[in-house]
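The file protein_38.csv contains CSV, C-alpha atoms:
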```csv
chain,number,residue,atom,x,y,z
A,1,MET,CA,0.0,0.0,0.0
A,2,ASN,CA,2.8,2.5,0.8
A,3,TYR,CA,4.2,1.8,-2.7
A,4,LEU,CA,0.9,2.8,-4.2
A,5,TYR,CA,0.8,6.0,-2.3
A,6,LYS,CA,4.3,6.9,-3.4
A,7,LEU,CA,3.5,6.0,-7.0
A,8,PHE,CA,0.4,8.2,-6.8
A,9,LEU,CA,2.4,11.2,-5.5
A,10,ILE,CA,5.2,10.8,-8.1
A,11,VAL,CA,2.9,10.3,-11.1
A,12,PHE,CA,0.3,12.9,-10.3
A,13,PHE,CA,2.1,16.0,-9.1
A,14,TYR,CA,4.7,16.5,-11.8
A,15,ILE,CA,2.3,16.6,-14.8
A,16,PRO,CA,0.7,20.0,-15.5
A,17,THR,CA,3.4,22.3,-16.8
A,18,SER,CA,4.5,20.0,-19.6
A,19,TYR,CA,1.3,20.8,-21.3
A,20,PHE,CA,1.8,24.5,-20.7
A,21,SER,CA,5.2,24.3,-22.2
A,22,GLN,CA,4.2,22.3,-25.2
A,23,GLY,CA,1.3,24.6,-26.0
A,24,PHE,CA,3.8,27.5,-25.9
A,25,GLN,CA,5.7,26.0,-28.9
A,26,VAL,CA,2.6,26.0,-31.1
A,27,ASN,CA,3.0,29.0,-33.3
A,28,LEU,CA,-0.6,29.9,-34.2
A,29,GLN,CA,-0.6,33.7,-33.8
A,30,GLY,CA,-1.1,34.8,-37.4
A,31,GLN,CA,-2.6,33.3,-40.5
A,32,LYS,CA,-0.1,34.8,-42.9
A,33,GLN,CA,2.8,33.6,-40.8
A,34,GLN,CA,1.2,30.2,-40.2
A,35,GLY,CA,1.0,29.6,-44.0
A,36,MET,CA,4.8,30.4,-44.1
A,37,GLY,CA,5.8,27.8,-41.5
A,38,GLY,CA,5.4,30.3,-38.6
A,39,ALA,CA,8.1,32.8,-39.8
A,40,GLY,CA,7.2,36.4,-39.3
A,41,THR,CA,9.8,38.2,-37.1
A,42,ALA,CA,11.3,40.1,-40.1
A,43,PHE,CA,8.3,40.1,-42.4
A,44,MET,CA,5.8,42.8,-41.4
A,45,GLN,CA,2.5,42.4,-43.1
A,46,ASP,CA,-0.4,43.4,-40.7
A,47,ALA,CA,-1.4,43.9,-37.1
A,48,SER,CA,-0.1,40.4,-36.2
A,49,SER,CA,3.3,42.0,-36.1
A,50,LEU,CA,2.4,43.1,-32.6
A,51,PHE,CA,3.1,39.5,-31.6
A,52,PHE,CA,5.9,38.5,-34.0
A,53,ASN,CA,8.0,41.7,-33.7
A,54,PRO,CA,6.8,44.8,-31.8
A,55,GLY,CA,9.8,46.7,-33.2
A,56,GLY,CA,8.5,46.2,-36.7
A,57,ALA,CA,4.8,47.1,-36.1
A,58,CYS,CA,5.7,50.8,-36.8
A,59,PHE,CA,6.5,49.8,-40.4
A,60,VAL,CA,2.9,48.7,-41.0
A,61,ASN,CA,1.4,51.9,-42.3
A,62,GLU,CA,-2.3,51.5,-41.4
A,63,ASN,CA,-4.9,51.4,-38.8
A,64,SER,CA,-6.2,47.9,-38.7
A,65,ILE,CA,-8.1,45.2,-36.8
A,66,ASN,CA,-7.4,41.5,-37.3
A,67,LEU,CA,-9.4,38.6,-35.9
A,68,GLY,CA,-8.4,34.9,-36.4
A,69,ILE,CA,-9.1,31.4,-35.2
A,70,THR,CA,-7.4,28.1,-35.7
A,71,PRO,CA,-9.4,25.0,-34.8
A,72,THR,CA,-6.8,22.3,-33.8
A,73,ILE,CA,-7.5,18.6,-34.2
A,74,ALA,CA,-5.1,16.3,-32.4
A,75,ARG,CA,-5.5,12.5,-32.5
A,76,GLY,CA,-3.2,10.4,-30.4
A,77,ALA,CA,-2.5,6.7,-29.8
A,78,TYR,CA,-0.3,4.8,-27.4
A,79,MET,CA,1.0,1.2,-27.7
A,80,ASP,CA,2.3,-0.3,-24.5
A,81,ALA,CA,5.7,-1.9,-24.8
A,82,THR,CA,4.8,-4.9,-22.6
A,83,THR,CA,1.3,-5.8,-23.6
A,84,ASN,CA,1.1,-4.2,-27.1
A,85,GLN,CA,-2.3,-2.9,-26.1
A,86,VAL,CA,-3.2,0.2,-28.1
A,87,SER,CA,-5.1,3.2,-26.5
A,88,HIS,CA,-6.5,6.3,-28.2
A,89,THR,CA,-7.3,9.9,-27.2
A,90,ASN,CA,-10.8,11.3,-27.4
A,91,SER,CA,-9.7,14.9,-27.3
A,92,PRO,CA,-12.2,17.6,-28.4
A,93,VAL,CA,-11.2,20.3,-31.0
A,94,SER,CA,-9.4,23.2,-29.5
A,95,THR,CA,-9.9,26.8,-30.8
A,96,PRO,CA,-7.0,29.1,-30.2
A,97,PHE,CA,-7.8,32.6,-31.4
A,98,THR,CA,-6.1,35.9,-32.0
A,99,ALA,CA,-7.3,39.5,-31.9
A,100,TYR,CA,-5.0,42.4,-32.9
A,101,ALA,CA,-5.6,46.2,-33.2
A,102,LEU,CA,-3.0,48.5,-34.5
A,103,PHE,CA,-3.4,52.3,-34.5
A,104,GLN,CA,-1.4,55.4,-35.6
A,105,LEU,CA,-2.1,59.0,-34.7
A,106,LYS,CA,-1.8,60.2,-38.3
A,107,ASP,CA,-0.9,58.8,-41.7
A,108,SER,CA,2.7,57.6,-41.9
A,109,SER,CA,3.2,58.3,-38.2
A,110,ASN,CA,6.5,56.9,-36.7
A,111,LEU,CA,4.6,56.0,-33.5
A,112,LYS,CA,2.2,53.1,-33.4
A,113,PHE,CA,0.0,51.7,-30.6
A,114,GLY,CA,-1.5,48.3,-30.5
A,115,LEU,CA,-3.3,45.7,-28.4
A,116,ALA,CA,-2.8,42.0,-28.9
A,117,VAL,CA,-4.9,39.3,-27.4
A,118,TYR,CA,-4.0,35.7,-28.2
A,119,THR,CA,-4.1,32.2,-26.8
A,120,PRO,CA,-0.8,30.4,-26.8
A,121,PHE,CA,-2.4,27.6,-24.8
A,122,GLY,CA,-5.9,26.3,-25.0
A,123,SER,CA,-6.9,22.7,-25.7
A,124,THR,CA,-7.9,19.4,-24.0
A,125,VAL,CA,-6.1,16.1,-23.9
A,126,GLN,CA,-8.5,13.3,-23.0
A,127,TRP,CA,-7.7,9.6,-23.1
A,128,GLU,CA,-10.3,6.8,-23.5
A,129,ASP,CA,-11.7,5.1,-20.4
A,130,ASN,CA,-9.5,2.5,-18.7
A,131,TRP,CA,-6.5,3.1,-20.9
A,132,THR,CA,-3.1,1.7,-20.0
A,133,GLY,CA,-1.8,5.0,-18.5
A,134,ARG,CA,-4.9,6.0,-16.6
A,135,PHE,CA,-2.7,6.3,-13.4
A,136,ALA,CA,-0.6,8.9,-15.2
A,137,LEU,CA,-3.4,10.9,-16.8
A,138,THR,CA,-7.1,10.7,-17.9
A,139,ARG,CA,-7.8,14.3,-18.8
A,140,LEU,CA,-6.0,17.6,-19.0
A,141,GLU,CA,-7.9,20.8,-20.0
A,142,LEU,CA,-6.0,24.1,-20.4
A,143,ARG,CA,-7.2,27.5,-21.2
A,144,ALA,CA,-5.0,30.6,-21.3
A,145,ILE,CA,-5.3,34.2,-22.7
A,146,PHE,CA,-2.4,36.6,-23.1
A,147,ILE,CA,-3.1,40.3,-23.2
A,148,GLN,CA,-0.4,42.6,-24.6
A,149,PRO,CA,-0.7,46.4,-25.0
A,150,THR,CA,2.2,47.5,-27.2
A,151,VAL,CA,4.1,50.6,-28.3
A,152,SER,CA,6.2,50.7,-31.5
A,153,TYR,CA,8.4,53.5,-32.7
A,154,LYS,CA,10.3,54.1,-36.0
A,155,ILE,CA,13.6,55.6,-35.0
A,156,THR,CA,14.8,56.1,-38.6
A,157,LYS,CA,13.5,55.0,-42.0
A,158,LYS,CA,15.4,51.7,-41.5
A,159,ILE,CA,15.2,51.0,-37.7
A,160,GLY,CA,12.2,50.4,-35.5
A,161,ILE,CA,11.9,49.3,-31.8
A,162,GLY,CA,8.9,48.2,-29.8
A,163,ALA,CA,7.8,46.5,-26.6
A,164,GLY,CA,4.6,45.2,-25.1
A,165,PHE,CA,3.6,44.3,-21.5
A,166,VAL,CA,2.1,40.8,-21.2
A,167,TYR,CA,-0.6,39.8,-18.7
A,168,ALA,CA,-1.4,36.1,-18.8
A,169,ASN,CA,-4.5,34.6,-17.3
A,170,GLY,CA,-5.4,30.9,-17.5
A,171,LYS,CA,-7.1,27.9,-16.0
A,172,VAL,CA,-6.0,24.3,-15.7
A,173,ASN,CA,-7.9,21.1,-14.9
A,174,LEU,CA,-6.0,17.9,-14.5
A,175,GLN,CA,-7.4,14.4,-13.7
A,176,LYS,CA,-6.1,10.9,-13.2
A,177,ASP,CA,-7.1,7.6,-11.6
A,178,ILE,CA,-5.4,6.4,-8.4
A,179,PRO,CA,-4.4,2.7,-8.0
A,180,LEU,CA,-6.8,2.2,-5.1
A,181,ASN,CA,-10.1,0.4,-5.4
A,182,ASP,CA,-13.4,0.8,-3.6
A,183,ALA,CA,-15.7,-2.0,-2.5
A,184,TYR,CA,-17.1,-2.1,-6.1
A,185,GLY,CA,-13.8,-2.3,-7.8
A,186,ASN,CA,-13.8,1.3,-9.0
A,187,TYR,CA,-10.5,3.1,-9.0
A,188,ALA,CA,-10.1,6.2,-6.9
A,189,HIS,CA,-9.8,9.5,-8.7
A,190,ALA,CA,-7.9,12.8,-8.3
A,191,GLU,CA,-8.5,16.2,-9.8
A,192,LEU,CA,-6.5,19.5,-9.7
A,193,ASN,CA,-8.3,22.6,-10.7
A,194,GLY,CA,-7.0,26.1,-10.5
A,195,LYS,CA,-6.7,29.5,-12.1
A,196,ALA,CA,-3.2,30.9,-13.0
A,197,ASN,CA,-1.8,34.3,-13.9
A,198,GLY,CA,1.6,35.8,-14.7
A,199,PHE,CA,3.4,38.7,-16.2
A,200,GLY,CA,6.0,39.2,-18.8
A,201,PHE,CA,7.0,41.3,-21.9
A,202,ASN,CA,7.5,41.0,-25.6
A,203,ALA,CA,10.2,43.3,-27.1
A,204,GLY,CA,11.8,43.6,-30.5
A,205,ILE,CA,13.9,45.5,-33.0
A,206,TYR,CA,13.5,45.7,-36.8
A,207,PHE,CA,16.2,46.7,-39.3
A,208,GLN,CA,16.0,47.1,-43.0
A,209,PRO,CA,19.5,47.7,-44.2
A,210,ILE,CA,18.5,47.6,-47.9
A,211,GLU,CA,15.2,47.8,-49.7
A,212,LYS,CA,14.8,44.0,-50.2
A,213,LEU,CA,16.3,42.7,-46.9
A,214,SER,CA,14.9,43.0,-43.4
A,215,ILE,CA,16.1,41.6,-40.1
A,216,GLY,CA,14.2,41.2,-36.9
A,217,LEU,CA,15.3,40.3,-33.4
A,218,THR,CA,12.8,39.7,-30.6
A,219,TYR,CA,12.7,38.5,-27.0
A,220,ARG,CA,9.6,37.1,-25.3
A,221,SER,CA,10.3,36.8,-21.6
A,222,LYS,CA,9.7,33.9,-19.3
A,223,VAL,CA,6.3,34.0,-17.6
A,224,ASN,CA,5.7,32.3,-14.3
A,225,MET,CA,2.1,31.2,-14.3
A,226,GLU,CA,1.3,31.2,-10.6
A,227,VAL,CA,-1.6,29.1,-9.3
A,228,LYS,CA,-3.1,30.4,-6.0
A,229,ASP,CA,-5.9,28.7,-4.1
A,230,GLY,CA,-6.2,25.8,-6.5
A,231,ASP,CA,-8.6,23.1,-5.6
A,232,ALA,CA,-7.3,19.5,-5.1
A,233,THR,CA,-10.2,17.0,-4.9
A,234,PHE,CA,-9.6,13.3,-4.1
A,235,THR,CA,-12.4,10.7,-4.5
A,236,VAL,CA,-10.9,7.7,-2.6
A,237,PRO,CA,-12.2,4.8,-0.5
A,238,GLU,CA,-13.5,5.9,2.9
A,239,SER,CA,-10.8,3.8,4.6
A,240,VAL,CA,-8.0,6.0,3.2
A,241,ALA,CA,-9.9,9.3,3.0
A,242,ASN,CA,-7.9,10.8,5.9
A,243,ASN,CA,-4.7,10.3,3.9
A,244,PHE,CA,-6.0,12.2,0.9
A,245,PRO,CA,-7.9,15.3,2.2
A,246,SER,CA,-9.3,17.6,-0.4
A,247,GLY,CA,-8.2,21.2,-0.1
A,248,LYS,CA,-6.2,24.1,-1.6
A,249,PHE,CA,-2.8,24.0,-3.3
A,250,THR,CA,-0.4,26.6,-4.8
A,251,SER,CA,2.2,26.2,-7.6
A,252,LYS,CA,4.2,28.0,-10.2
A,253,LEU,CA,4.2,26.9,-13.8
A,254,PRO,CA,7.1,28.3,-15.7
A,255,LEU,CA,6.8,29.3,-19.4
A,256,PRO,CA,10.2,29.7,-21.0
A,257,SER,CA,11.7,32.7,-22.7
A,258,VAL,CA,12.0,32.8,-26.5
A,259,THR,CA,14.7,34.6,-28.5
A,260,THR,CA,14.1,34.9,-32.2
A,261,LEU,CA,16.2,36.0,-35.1
A,262,GLY,CA,14.3,36.6,-38.3
A,263,LEU,CA,15.3,37.3,-41.9
A,264,ALA,CA,13.1,38.3,-44.8
A,265,TYR,CA,14.0,38.9,-48.4
A,266,LYS,CA,12.0,40.3,-51.4
A,267,ILE,CA,13.2,38.3,-54.4
A,268,ASN,CA,10.9,40.3,-56.7
A,269,ASN,CA,7.6,42.2,-56.7
A,270,LYS,CA,5.7,38.9,-56.4
A,271,LEU,CA,7.9,36.6,-54.3
A,272,ASP,CA,9.0,37.0,-50.6
A,273,VAL,CA,10.8,34.5,-48.4
A,274,ALA,CA,11.3,34.5,-44.6
A,275,LEU,CA,13.2,32.5,-42.0
A,276,ASP,CA,12.9,32.5,-38.2
A,277,ILE,CA,15.3,30.8,-35.8
A,278,ASN,CA,13.9,30.4,-32.2
A,279,TYR,CA,16.0,29.7,-29.2
A,280,VAL,CA,13.7,28.6,-26.3
A,281,GLY,CA,14.9,28.7,-22.7
A,282,TRP,CA,13.4,25.4,-21.6
A,283,LYS,CA,16.2,24.9,-19.0
A,284,ALA,CA,14.3,27.2,-16.7
A,285,TYR,CA,11.9,24.3,-16.3
A,286,ASP,CA,14.0,21.9,-14.3
A,287,THR,CA,11.7,21.4,-11.2
A,288,LEU,CA,8.0,21.6,-10.5
A,289,SER,CA,6.8,22.1,-6.9
A,290,PHE,CA,3.4,21.8,-5.3
A,291,ASP,CA,2.5,23.2,-1.9
A,292,TYR,CA,-0.6,21.7,-0.3
A,293,GLU,CA,-2.7,23.3,2.4
A,294,ASN,CA,-3.6,20.0,4.0
A,295,ASN,CA,-0.6,17.7,4.4
A,296,THR,CA,-0.7,14.2,5.8
A,297,GLU,CA,1.8,11.5,6.3
A,298,LYS,CA,0.9,10.3,2.7
A,299,LEU,CA,0.1,13.6,1.1
A,300,LEU,CA,3.3,15.8,1.2
A,301,ASP,CA,4.4,18.8,-0.7
A,302,THR,CA,6.3,17.6,-3.7
A,303,LYS,CA,9.2,18.6,-5.9
A,304,SER,CA,9.7,16.7,-9.2
A,305,ALA,CA,12.6,16.9,-11.5
A,306,ARG,CA,11.8,17.8,-15.1
A,307,MET,CA,15.3,18.4,-16.6
A,308,TYR,CA,14.2,20.1,-19.7
A,309,LYS,CA,16.9,21.4,-22.0
A,310,ASN,CA,17.1,24.6,-24.1
A,311,THR,CA,16.2,24.0,-27.8
A,312,PHE,CA,16.0,25.5,-31.2
A,313,ALA,CA,13.2,25.7,-33.8
A,314,PHE,CA,13.6,26.7,-37.4
A,315,ARG,CA,10.7,28.1,-39.4
A,316,GLY,CA,10.8,29.1,-43.1
A,317,GLY,CA,8.3,30.0,-45.8
A,318,ALA,CA,7.5,31.8,-49.0
A,319,GLN,CA,4.7,34.1,-50.2
A,320,TYR,CA,3.8,34.5,-53.8
A,321,LYS,CA,1.5,37.2,-55.1
A,322,ILE,CA,-0.4,35.6,-57.9
A,323,ASN,CA,-2.3,38.8,-58.8
A,324,THR,CA,-3.4,42.0,-57.2
A,325,ASN,CA,-5.9,40.3,-54.9
A,326,PHE,CA,-4.7,36.7,-54.5
A,327,THR,CA,-1.7,35.5,-52.5
A,328,ALA,CA,-0.4,31.9,-52.0
A,329,ARG,CA,1.9,30.7,-49.2
A,330,LEU,CA,4.0,27.6,-48.4
A,331,GLY,CA,6.1,26.8,-45.3
A,332,LEU,CA,8.1,24.3,-43.3
A,333,ALA,CA,9.2,24.2,-39.7
A,334,TYR,CA,11.4,21.9,-37.6
A,335,GLY,CA,11.3,21.9,-33.8
A,336,ILE,CA,13.7,20.1,-31.5
A,337,THR,CA,12.0,18.7,-28.4
A,338,PRO,CA,13.1,19.9,-24.9
A,339,VAL,CA,11.9,16.7,-23.3
A,340,GLN,CA,14.8,14.4,-22.6
A,341,ASN,CA,14.6,10.6,-22.6
A,342,GLY,CA,13.0,9.3,-19.5
A,343,TYR,CA,10.6,12.2,-19.1
A,344,VAL,CA,8.0,11.7,-21.8
A,345,THR,CA,4.4,11.9,-20.4
A,346,PRO,CA,1.0,11.1,-21.9
A,347,GLU,CA,-0.4,14.6,-21.9
A,348,THR,CA,2.5,15.8,-24.1
A,349,PRO,CA,4.3,12.9,-25.7
A,350,ASP,CA,6.7,15.4,-27.3
A,351,ALA,CA,9.2,14.6,-30.0
A,352,ASN,CA,11.3,16.3,-32.7
A,353,ARG,CA,8.8,17.5,-35.3
A,354,VAL,CA,8.3,18.8,-38.8
A,355,ASN,CA,5.4,21.1,-39.5
A,356,TYR,CA,4.1,21.3,-43.0
A,357,THR,CA,2.1,24.5,-43.8
A,358,CYS,CA,0.3,26.3,-46.6
A,359,GLY,CA,-2.0,29.2,-46.9
A,360,ILE,CA,-3.9,31.7,-49.1
A,361,GLY,CA,-5.0,35.3,-48.9
A,362,TYR,CA,-7.6,37.3,-50.8
A,363,GLN,CA,-8.0,41.1,-50.8
A,364,PHE,CA,-11.6,42.4,-51.1
A,365,GLY,CA,-11.3,46.0,-52.2
A,366,LYS,CA,-9.1,48.4,-50.2
A,367,HIS,CA,-10.2,47.6,-46.7
A,368,LEU,CA,-11.0,43.9,-46.2
A,369,LYS,CA,-8.8,40.8,-46.5
A,370,ILE,CA,-9.3,37.2,-45.6
A,371,ASP,CA,-6.4,34.8,-45.0
A,372,ALA,CA,-6.5,31.1,-44.4
A,373,SER,CA,-3.8,28.5,-43.5
A,374,PHE,CA,-3.4,24.8,-42.9
A,375,LEU,CA,-0.8,23.0,-40.7
A,376,PHE,CA,-0.1,19.3,-40.4
A,377,THR,CA,2.4,17.5,-38.2
A,378,HIS,CA,3.1,14.0,-37.0
A,379,LEU,CA,4.9,13.1,-33.8
A,380,GLU,CA,6.2,9.7,-32.7
A,381,ARG,CA,8.2,8.9,-29.5
A,382,THR,CA,9.1,5.7,-27.7
A,383,ASP,CA,10.2,6.1,-24.1
A,384,THR,CA,10.1,4.7,-20.6
A,385,ASN,CA,9.3,7.3,-18.0
A,386,LEU,CA,11.7,7.1,-15.1
A,387,GLU,CA,9.2,8.0,-12.4
A,388,THR,CA,6.0,6.2,-13.6
A,389,ASN,CA,7.6,3.3,-15.6
A,390,LEU,CA,5.1,3.9,-18.3
A,391,SER,CA,6.8,2.4,-21.3
A,392,GLY,CA,5.7,2.4,-24.9
A,393,THR,CA,5.2,4.4,-28.1
A,394,PHE,CA,3.2,7.5,-28.6
A,395,LYS,CA,1.9,8.6,-32.0
A,396,THR,CA,0.1,11.9,-32.6
A,397,ASN,CA,-1.3,13.6,-35.8
A,398,VAL,CA,-2.2,17.2,-35.6
A,399,CYS,CA,-4.3,19.2,-38.2
A,400,ALA,CA,-4.9,22.9,-37.8
A,401,PRO,CA,-6.9,24.8,-40.4
A,402,GLY,CA,-7.2,28.5,-39.6
A,403,ILE,CA,-8.8,31.7,-40.9
A,404,SER,CA,-8.6,35.4,-40.2
A,405,ILE,CA,-10.4,38.5,-41.2
A,406,GLY,CA,-8.5,41.8,-41.4
A,407,TYR,CA,-9.9,45.3,-41.8
A,408,LYS,CA,-7.7,48.4,-42.4
A,409,PHE,CA,-8.8,52.0,-42.3
```

Re-express the file's structure as structure tokens.
Amino acid sequence: MNYLYKLFLIVFFYIPTSYFSQGFQVNLQGQKQQGMGGAGTAFMQDASSLFFNPGGACFVNENSINLGITPTIARGAYMDATTNQVSHTNSPVSTPFTAYALFQLKDSSNLKFGLAVYTPFGSTVQWEDNWTGRFALTRLELRAIFIQPTVSYKITKKIGIGAGFVYANGKVNLQKDIPLNDAYGNYAHAELNGKANGFGFNAGIYFQPIEKLSIGLTYRSKVNMEVKDGDATFTVPESVANNFPSGKFTSKLPLPSVTTLGLAYKINNKLDVALDINYVGWKAYDTLSFDYENNTEKLLDTKSARMYKNTFAFRGGAQYKINTNFTARLGLAYGITPVQNGYVTPETPDANRVNYTCGIGYQFGKHLKIDASFLFTHLERTDTNLETNLSGTFKTNVCAPGISIGYKF
């Protein structure tokens, strides 16, 4: 019985932030950029530049509002290494969205103001009933919204700088079964539910040394998502209820910094290409701690090693203007996983990945434009978790069609 308690503590309390961190890598903040593999740090096109490079937003000569949504469909499967039993996810479609507003005081003004609201996290991972890893996870729901007021200033005709304050607000709900049975053979259940918030900033510089070449450099700071007064609820057999008292908990969920170097080049009047290189400070996520209001001999405050490593991601794409109104885009991205061997978990069975993307845009008159994109990626990872001993192969397919409407005035 003591072994089961220890297993429960180890498995349950280290899980939540791996999903936060994985969601952070999904680059779904602009339809034009999504169609180009997620590259946009040096390629200023519309109000979405408030996210991709606040320093370049001042080179977007317009007042504009842009609204977008990217339904994301993820289907996962797991094959246990010992039994060869295959389990599947039943995750609902997630709907990350973006809302950007960019304003200038007068035409061709060097000073621009903007507001960006976007969801770098926001989906649900749900495994089928009685799956092999139910003691590691049954359901994880995450919702988060980042709000970023921004100022951008054109210092010269070739250089712009900008920065935005970030307020992050979110909610997490994590559930799993516990290897304890009641009198009817039902497994015990645990649930963590809490609201989180944090603060950070997004800053950038934009440089156009020659007419056809532009360079961007941005830094998005680490954000510590702090959970205060979260609710921990345990549904366990009455005989052990005193060992698992429901109550409050606190925790900090670190989201890493991201430094990005971007290049964009106009080959001719119709064709543009762009490249982004991201350096993600995952090493900050080495330990996850939980502090429980009600401690017992079996339910103690926990510290779990995560041992993530800093990684790179490479994003590139091209945009071709077919005619005055119609634009086509194509892109590719490669991301290196921060999750080391021995630390793969069922809520984010992360692996090195290749994202394939494409997109189109159509201009209706002088003011209205619609852009659409599509992303597909496949992940596959075989691992044995050092703490839970869950050993097997995860496979995940992700499809993300997106659309946005932009209005300039």

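Residue neighbourhood of His189 of chain A, excluding near-sequence residues (fewer than 6 positions): Arg134, Phe135, Thr138, Gln175, Lys176, Asp177, Ile178, Pro179, Leu180, Asn181, Thr233, Phe234, Thr235, Val236 and Pro237 of chain A, at 10 Å, using all atoms listed in the file.
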
> What's the 12 Å shell around segment 318-332 of chain A, counting all atoms listed in the file, without same-chain residues fewer than 5 positions away, as a ChimeraX atom specification?
Replying inline: /A:31-40,43,45,263-276,313,353-377

> Which is closer to Val240 of chain A than all the others in A:Ala351, A:Ala188, A:Ala77, A:Ile405, using only C-alpha atoms?
Replying inline: A:Ala188

>> My list of candidates is A:Thr260, A:Lys248, A:Thr345, A:Ser91. Which is closest to Asp301 of chain A when distances are computed with only C-alpha atoms?
In response: A:Lys248

>> Using all atoms listed in the file, list the residues that have an atom at most 12 Å from (-7.8, 31.6, -16.0), coordinates as in the file, as a list in words.
In response: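 Those within range, by chain then number, are Thr119, Phe121, Gly122, Glu141, Leu142, Arg143, Ala144, Ile145, Phe146, Tyr167, Ala168, Asn169, Gly170, Lys171, Val172, Asn173, Asn193, Gly194, Lys195, Ala196, Asn197, Gly198, Met225, Glu226, Val227, Lys228 and Gly230 of chain A.
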
>> If I take atom CA of Lys154 of chain A and atom CA of Phe59 of chain A, how far is one from the other in Å, to one decimal?
In response: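 Taking atom CA of Lys154 of chain A as the start and atom CA of Phe59 of chain A as the end point, the length is 7.2 Å.
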
Contact check, segment 259-321 of chain A to segment 217-223 of chain A, at most 8 Å, counting all atoms listed in the file, closest pairs as JSON lines:
```
{"residue": "A:Thr259", "atom": "CA", "partner": "A:Tyr219", "partner_atom": "CA", "distance": 4.6}
{"residue": "A:Thr260", "atom": "CA", "partner": "A:Thr218", "partner_atom": "CA", "distance": 5.2}
{"residue": "A:Leu261", "atom": "CA", "partner": "A:Leu217", "partner_atom": "CA", "distance": 4.7}
{"residue": "A:Gly262", "atom": "CA", "partner": "A:Leu217", "partner_atom": "CA", "distance": 6.2}
```

>> Just the number, please: distance in Å from atom CA of Asn90 of chain A to atom CA of Ala136 of chain A, one decimal.
In response: 16.1 Å

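Nearest to Val93 of chain A of all the residues A:Gly392, A:Pro71, A:Gly317, A:Gly114 is A:Pro71, based on only C-alpha atoms.
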
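One finds atom CA of Leu50 of chain A at 14.7 Å from atom CA of Phe97 of chain A.
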
> Smallest atom-to-atom distance to Phe314 of chain A: which of A:Val166, A:Leu300, A:Ile277, A:Ala284, using all atoms listed in the file?
Replying inline: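 Of A:Val166, A:Leu300, A:Ile277, A:Ala284, the one nearest Phe314 of chain A is A:Ile277, counting all atoms listed in the file.
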
Near Ala99 of chain A, counting all atoms listed in the file, which residues have an atom at most 8 Å away, once you skip same-chain residues fewer than 3 positions from it, shown as a tab-separated table (two decimals) with C-alpha atoms, in the frame of the given file?
```
chain	number	residue	atom	x	y	z
A	65	ILE	CA	-8.10	45.20	-36.80
A	66	ASN	CA	-7.40	41.50	-37.30
A	67	LEU	CA	-9.40	38.60	-35.90
A	68	GLY	CA	-8.40	34.90	-36.40
A	116	ALA	CA	-2.80	42.00	-28.90
A	117	VAL	CA	-4.90	39.30	-27.40
A	118	TYR	CA	-4.00	35.70	-28.20
```

>> Here is a test: counting all atoms listed in the file, which residue of A:Asn295, A:Asn61, A:Thr384, A:Thr348 is nearest to Thr396 of chain A?
In response: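 That would be A:Thr348, the residue with the smallest distance to Thr396 of chain A.
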
Will you model N, CA and C atoms for segment 160-170 of chain A and pass it back as a compact mmCIF listing (two decimals), in the frame of the given file?
```txt
# COMPACT_ATOMS: atom_id res chain seq x y z
N GLY A 160 13.32 50.23 -36.34
CA GLY A 160 12.20 50.40 -35.50
C GLY A 160 12.37 49.57 -34.19
N ILE A 161 11.83 50.07 -33.08
CA ILE A 161 11.90 49.30 -31.80
C ILE A 161 10.47 49.31 -31.23
N GLY A 162 10.22 48.33 -30.37
CA GLY A 162 8.90 48.20 -29.80
C GLY A 162 8.90 47.25 -28.61
N ALA A 163 7.89 47.40 -27.76
CA ALA A 163 7.80 46.50 -26.60
C ALA A 163 6.32 46.46 -26.16
N GLY A 164 5.95 45.34 -25.58
CA GLY A 164 4.60 45.20 -25.10
C GLY A 164 4.63 44.47 -23.71
N PHE A 165 3.82 44.95 -22.80
CA PHE A 165 3.60 44.30 -21.50
C PHE A 165 2.66 43.15 -21.67
N VAL A 166 2.93 42.02 -21.05
CA VAL A 166 2.10 40.80 -21.20
C VAL A 166 1.47 40.47 -19.84
N TYR A 167 0.16 40.38 -19.83
CA TYR A 167 -0.60 39.80 -18.70
C TYR A 167 -1.18 38.51 -19.14
N ALA A 168 -0.88 37.44 -18.43
CA ALA A 168 -1.40 36.10 -18.80
C ALA A 168 -2.37 35.63 -17.74
N ASN A 169 -3.50 35.14 -18.22
CA ASN A 169 -4.50 34.60 -17.30
C ASN A 169 -4.99 33.27 -17.88
N GLY A 170 -5.07 32.26 -17.00
CA GLY A 170 -5.40 30.90 -17.50
C GLY A 170 -6.09 30.07 -16.46
```
